[in-house]
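All remarks here apply to the structure that follows.
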Amino acid sequence: MSYTLTIETTGDEVEVAEGQTILDACLRAGIWLPHACCHGLCATCKIQVTDGEIDHGEASSFALMDFERDEGKALACCARLESDASIEADIEEDPDALGIPVEDFEGVVTRIDPLTPTIRGVHVALNRPIRFQAGQYVNLTVGEEGVLTRAFSLASDPHAPDAVELNIRIVPGGVGTTWIHEHLKEGDRVKLSGPYGRFFVRHSAKAPLLFLAGGSGLSSPRSMILDLIARNETLPITLVYGARSREELYYHEEFEALAAAHANFRYIPALSDEPADSGWTGFRGYVHEAARAAFDNDFRGHKAYLCGPPVMIEACLAALMQGRLFEKDIYTEKFFSAADAQQVRSPLFRRI
């Protein structure tokens, strides 16, 4: 059984299977709805149901209060249809969004590279090509029972769609990443779905590009930069990438080679905790400090893309804004666990 969902905001109609969430049905139809945590906790995906019956599912009573339910509001990531329905949603049109439908894929792990002591590069050959915008992510399903599903950014070039690369950092106490680091091996079969996310290059802006990344947050910027170079982009491109020490700085040689081969690409690595006697001659400090030094604290005219730990993103947001670059020119992607989604968002930045 399925129901018809009408999105009054856009006029689209979507078939929703019984038991399928509104968000999943829309994404698989290539229609983007605002969302973040996908656990019913952050309220980013709040919609207005104007007609029809729904089941609110596991929506938190804090993210969706009783009076809001009475007013017909729902969380798209949890809500399931019980009849044909109509909704209104806060959908921002973006000229650079391709609206690629989410699909399911199967794959085989062909290689696992130890990129750093805590990050593995997992290469997966797919059963069919995946279409995605550089910067987007997939949900990877692994585990002996095939029940562990986690979100990981795509680190590979979208011009090579038959395989993907995922840079996976082990999270202390994290069941999924621990299993991947300790048990996943070459030849294993995995499943993934995607692409997800609204983190992609705004090509139509025709503005110099600034990428600020830390840790495994390098995944999306790497994909974006590889895509830009494949497109023969001539605008200035700067990557500022931060790690604690040299052993945690991965793809360093690749970016150095790209900078040497492409005059419009500048690569600035920054180490925040490298031993003083190591011989490191690059920048010592944090990503936002390296960016300030490189641009003399003036970021005007750029489009900035941030990906990394929350603390890094907060520091970079403050630095960019102090350097006269503001919200409309800054893009960031944050992954939310069920615990993360309960944290207060930055008062400086609304776009997720």
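Each chain in the structure tokens gets a letter, A, B, ..., in the order shown, and its residues are numbered from 1; ligands are numbered from 1 in order too.
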Quiz item: Do you know which residues are at most 12 Å from stretch 175-179 of chain A counting only C-alpha atoms, after dropping those on the same chain fewer than 2 positions away, and could you put them as a PyMOL selection string?
Solution: chain A and resi 118-120+122+139-152+166-173+181-185+337
Quiz item: So which residues of stretch 137-307 of chain A fall under helix (DSSP H, G or I) by DSSP, listed as a ChimeraX atom specification?
Solution: /A:175-183,203-205,215-230,246-248,252-261,287-295
Exercise. Find the residues around stretch 64-66 of chain A up to 9 Å (only C-alpha atoms counted), leave out those fewer than 2 positions away in its own chain, and share them as a ChimeraX atom specification.
Key: /A:40-41,43,46,59-62,68-71,73-75
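All residues of protein, DNA or RNA that reach within 10 Å of A:Phe105, judged by only C-alpha atoms and not counting those fewer than 2 positions away in the chain, are Val102, Glu103, Gly107, Leu126, Asn127, Arg128, Pro129, Ile130, Leu140, Val190, Lys191, Leu192, Ser193 and Gly194 of chain A.
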Exercise. Run DSSP on the backbone of this structure and report the residues of stretch 256-297 of chain A it assigns to strand (DSSP E or B), as a ChimeraX atom specification.
Key: /A:265-271,283-284
Output all heavy atoms for every residue in the selection just made, as a PDB file, in the first residue's frame.
ATOM      1  N   PHE A 265      45.346  26.826  -7.408  1.00  0.00           N
ATOM      2  CA  PHE A 265      45.070  26.069  -6.188  1.00  0.00           C
ATOM      3  C   PHE A 265      46.180  26.284  -5.163  1.00  0.00           C
ATOM      4  O   PHE A 265      47.356  26.065  -5.442  1.00  0.00           O
ATOM      5  CB  PHE A 265      44.924  24.581  -6.487  1.00  0.00           C
ATOM      6  CG  PHE A 265      44.753  23.729  -5.250  1.00  0.00           C
ATOM      7  CD1 PHE A 265      43.710  23.966  -4.367  1.00  0.00           C
ATOM      8  CD2 PHE A 265      45.631  22.693  -4.970  1.00  0.00           C
ATOM      9  CE1 PHE A 265      43.553  23.191  -3.220  1.00  0.00           C
ATOM     10  CE2 PHE A 265      45.481  21.908  -3.841  1.00  0.00           C
ATOM     11  CZ  PHE A 265      44.439  22.166  -2.964  1.00  0.00           C
ATOM     12  N   ARG A 266      45.773  26.726  -3.969  1.00  0.00           N
ATOM     13  CA  ARG A 266      46.716  26.946  -2.876  1.00  0.00           C
ATOM     14  C   ARG A 266      46.375  26.012  -1.722  1.00  0.00           C
ATOM     15  O   ARG A 266      45.211  25.904  -1.309  1.00  0.00           O
ATOM     16  CB  ARG A 266      46.661  28.401  -2.409  1.00  0.00           C
ATOM     17  CG  ARG A 266      47.600  28.706  -1.243  1.00  0.00           C
ATOM     18  CD  ARG A 266      47.777  30.193  -1.010  1.00  0.00           C
ATOM     19  NE  ARG A 266      46.535  30.913  -0.756  1.00  0.00           N
ATOM     20  CZ  ARG A 266      46.454  32.054  -0.070  1.00  0.00           C
ATOM     21  NH1 ARG A 266      47.558  32.610   0.425  1.00  0.00           N
ATOM     22  NH2 ARG A 266      45.298  32.653   0.105  1.00  0.00           N
ATOM     23  N   TYR A 267      47.383  25.342  -1.189  1.00  0.00           N
ATOM     24  CA  TYR A 267      47.201  24.372  -0.104  1.00  0.00           C
ATOM     25  C   TYR A 267      47.989  24.836   1.118  1.00  0.00           C
ATOM     26  O   TYR A 267      49.197  25.081   1.040  1.00  0.00           O
ATOM     27  CB  TYR A 267      47.693  23.000  -0.561  1.00  0.00           C
ATOM     28  CG  TYR A 267      47.841  21.974   0.534  1.00  0.00           C
ATOM     29  CD1 TYR A 267      46.789  21.662   1.400  1.00  0.00           C
ATOM     30  CD2 TYR A 267      49.051  21.285   0.689  1.00  0.00           C
ATOM     31  CE1 TYR A 267      46.937  20.706   2.393  1.00  0.00           C
ATOM     32  CE2 TYR A 267      49.203  20.320   1.672  1.00  0.00           C
ATOM     33  CZ  TYR A 267      48.148  20.038   2.527  1.00  0.00           C
ATOM     34  OH  TYR A 267      48.296  19.087   3.508  1.00  0.00           O
ATOM     35  N   ILE A 268      47.275  24.979   2.266  1.00  0.00           N
ATOM     36  CA  ILE A 268      47.898  25.452   3.493  1.00  0.00           C
ATOM     37  C   ILE A 268      47.616  24.451   4.613  1.00  0.00           C
ATOM     38  O   ILE A 268      46.525  24.438   5.202  1.00  0.00           O
ATOM     39  CB  ILE A 268      47.357  26.839   3.895  1.00  0.00           C
ATOM     40  CG1 ILE A 268      47.561  27.846   2.766  1.00  0.00           C
ATOM     41  CG2 ILE A 268      48.029  27.320   5.190  1.00  0.00           C
ATOM     42  CD1 ILE A 268      46.851  29.160   2.986  1.00  0.00           C
ATOM     43  N   PRO A 269      48.571  23.575   4.934  1.00  0.00           N
ATOM     44  CA  PRO A 269      48.392  22.660   6.062  1.00  0.00           C
ATOM     45  C   PRO A 269      48.777  23.347   7.368  1.00  0.00           C
ATOM     46  O   PRO A 269      49.707  24.160   7.403  1.00  0.00           O
ATOM     47  CB  PRO A 269      49.348  21.512   5.736  1.00  0.00           C
ATOM     48  CG  PRO A 269      50.443  22.160   4.940  1.00  0.00           C
ATOM     49  CD  PRO A 269      49.811  23.311   4.186  1.00  0.00           C
ATOM     50  N   ALA A 270      48.059  23.022   8.435  1.00  0.00           N
ATOM     51  CA  ALA A 270      48.330  23.626   9.742  1.00  0.00           C
ATOM     52  C   ALA A 270      48.348  22.536  10.802  1.00  0.00           C
ATOM     53  O   ALA A 270      47.427  21.708  10.870  1.00  0.00           O
ATOM     54  CB  ALA A 270      47.261  24.662  10.072  1.00  0.00           C
ATOM     55  N   LEU A 271      49.378  22.531  11.629  1.00  0.00           N
ATOM     56  CA  LEU A 271      49.505  21.539  12.700  1.00  0.00           C
ATOM     57  C   LEU A 271      49.439  22.251  14.045  1.00  0.00           C
ATOM     58  O   LEU A 271      50.185  23.194  14.292  1.00  0.00           O
ATOM     59  CB  LEU A 271      50.821  20.772  12.577  1.00  0.00           C
ATOM     60  CG  LEU A 271      51.030  20.008  11.260  1.00  0.00           C
ATOM     61  CD1 LEU A 271      52.357  19.252  11.296  1.00  0.00           C
ATOM     62  CD2 LEU A 271      49.880  19.055  10.984  1.00  0.00           C
ATOM     63  N   PHE A 283      52.739  25.902   8.758  1.00  0.00           N
ATOM     64  CA  PHE A 283      52.062  26.694   9.785  1.00  0.00           C
ATOM     65  C   PHE A 283      51.851  25.872  11.050  1.00  0.00           C
ATOM     66  O   PHE A 283      51.490  24.697  10.998  1.00  0.00           O
ATOM     67  CB  PHE A 283      50.712  27.185   9.259  1.00  0.00           C
ATOM     68  CG  PHE A 283      50.045  28.184  10.164  1.00  0.00           C
ATOM     69  CD1 PHE A 283      50.297  29.541  10.033  1.00  0.00           C
ATOM     70  CD2 PHE A 283      49.179  27.764  11.175  1.00  0.00           C
ATOM     71  CE1 PHE A 283      49.697  30.471  10.872  1.00  0.00           C
ATOM     72  CE2 PHE A 283      48.572  28.681  12.016  1.00  0.00           C
ATOM     73  CZ  PHE A 283      48.827  30.035  11.871  1.00  0.00           C
ATOM     74  N   ARG A 284      52.091  26.490  12.194  1.00  0.00           N
ATOM     75  CA  ARG A 284      51.815  25.864  13.488  1.00  0.00           C
ATOM     76  C   ARG A 284      50.659  26.616  14.144  1.00  0.00           C
ATOM     77  O   ARG A 284      50.765  27.821  14.395  1.00  0.00           O
ATOM     78  CB  ARG A 284      53.060  25.896  14.383  1.00  0.00           C
ATOM     79  CG  ARG A 284      54.177  24.971  13.907  1.00  0.00           C
ATOM     80  CD  ARG A 284      55.415  25.083  14.790  1.00  0.00           C
ATOM     81  NE  ARG A 284      56.466  24.187  14.364  1.00  0.00           N
ATOM     82  CZ  ARG A 284      56.635  22.931  14.804  1.00  0.00           C
ATOM     83  NH1 ARG A 284      55.807  22.457  15.720  1.00  0.00           N
ATOM     84  NH2 ARG A 284      57.618  22.186  14.345  1.00  0.00           N
TER      85      ARG A 284
END
Self-check item: A:Ala276, A:Ala89, A:Ile100, A:Ile180 ranked by distance to A:Gly121, top pick (using only C-alpha atoms)
Solution: A:Ile180
Exercise. Find the residues near A:Ser278: any atom within 10 Å, counting only C-alpha atoms, skip ones fewer than 3 places away on the same chain, and give them as a PyMOL selection string.
Key: chain A and resi 245-246+274-275+281
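Nearest to A:Val124 of all the residues A:Pro95, A:Gly187, A:Gly57, A:Gly308 is A:Gly187, counting only C-alpha atoms.
Taking atom CA of A:Leu5 as the reference point, atom CA of A:Thr332 is found at 29.9 Å.
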Practice problem: For A:Gly11, work out the shell of residues within 12 Å, counting only C-alpha atoms and skipping chain neighbours fewer than 3 positions away, then give it as number ranges by chain. | Solution: A: 5-8, 14, 31, 86-89, 91
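For A:Cys26, the list of residues within 10 Å, based on only C-alpha atoms and with local chain neighbours fewer than 3 positions off taken out, reads A:Leu5, A:Ile7, A:Asp12, A:Glu13, A:Val14, A:Glu15, A:Val16, A:Thr21, A:Ile22, A:Leu23, A:Ala29, A:Gly30, A:Ile31, A:Trp32, A:Leu33, A:Ala76, A:Pro101, A:Val102.
Taking atom CA of A:Ala160 as the reference point, atom CA of A:Leu235 is found at 22.9 Å.
The gap separating atom CA of A:Thr116 from atom CA of A:Val164 is 18.9 Å, in Å to one decimal.
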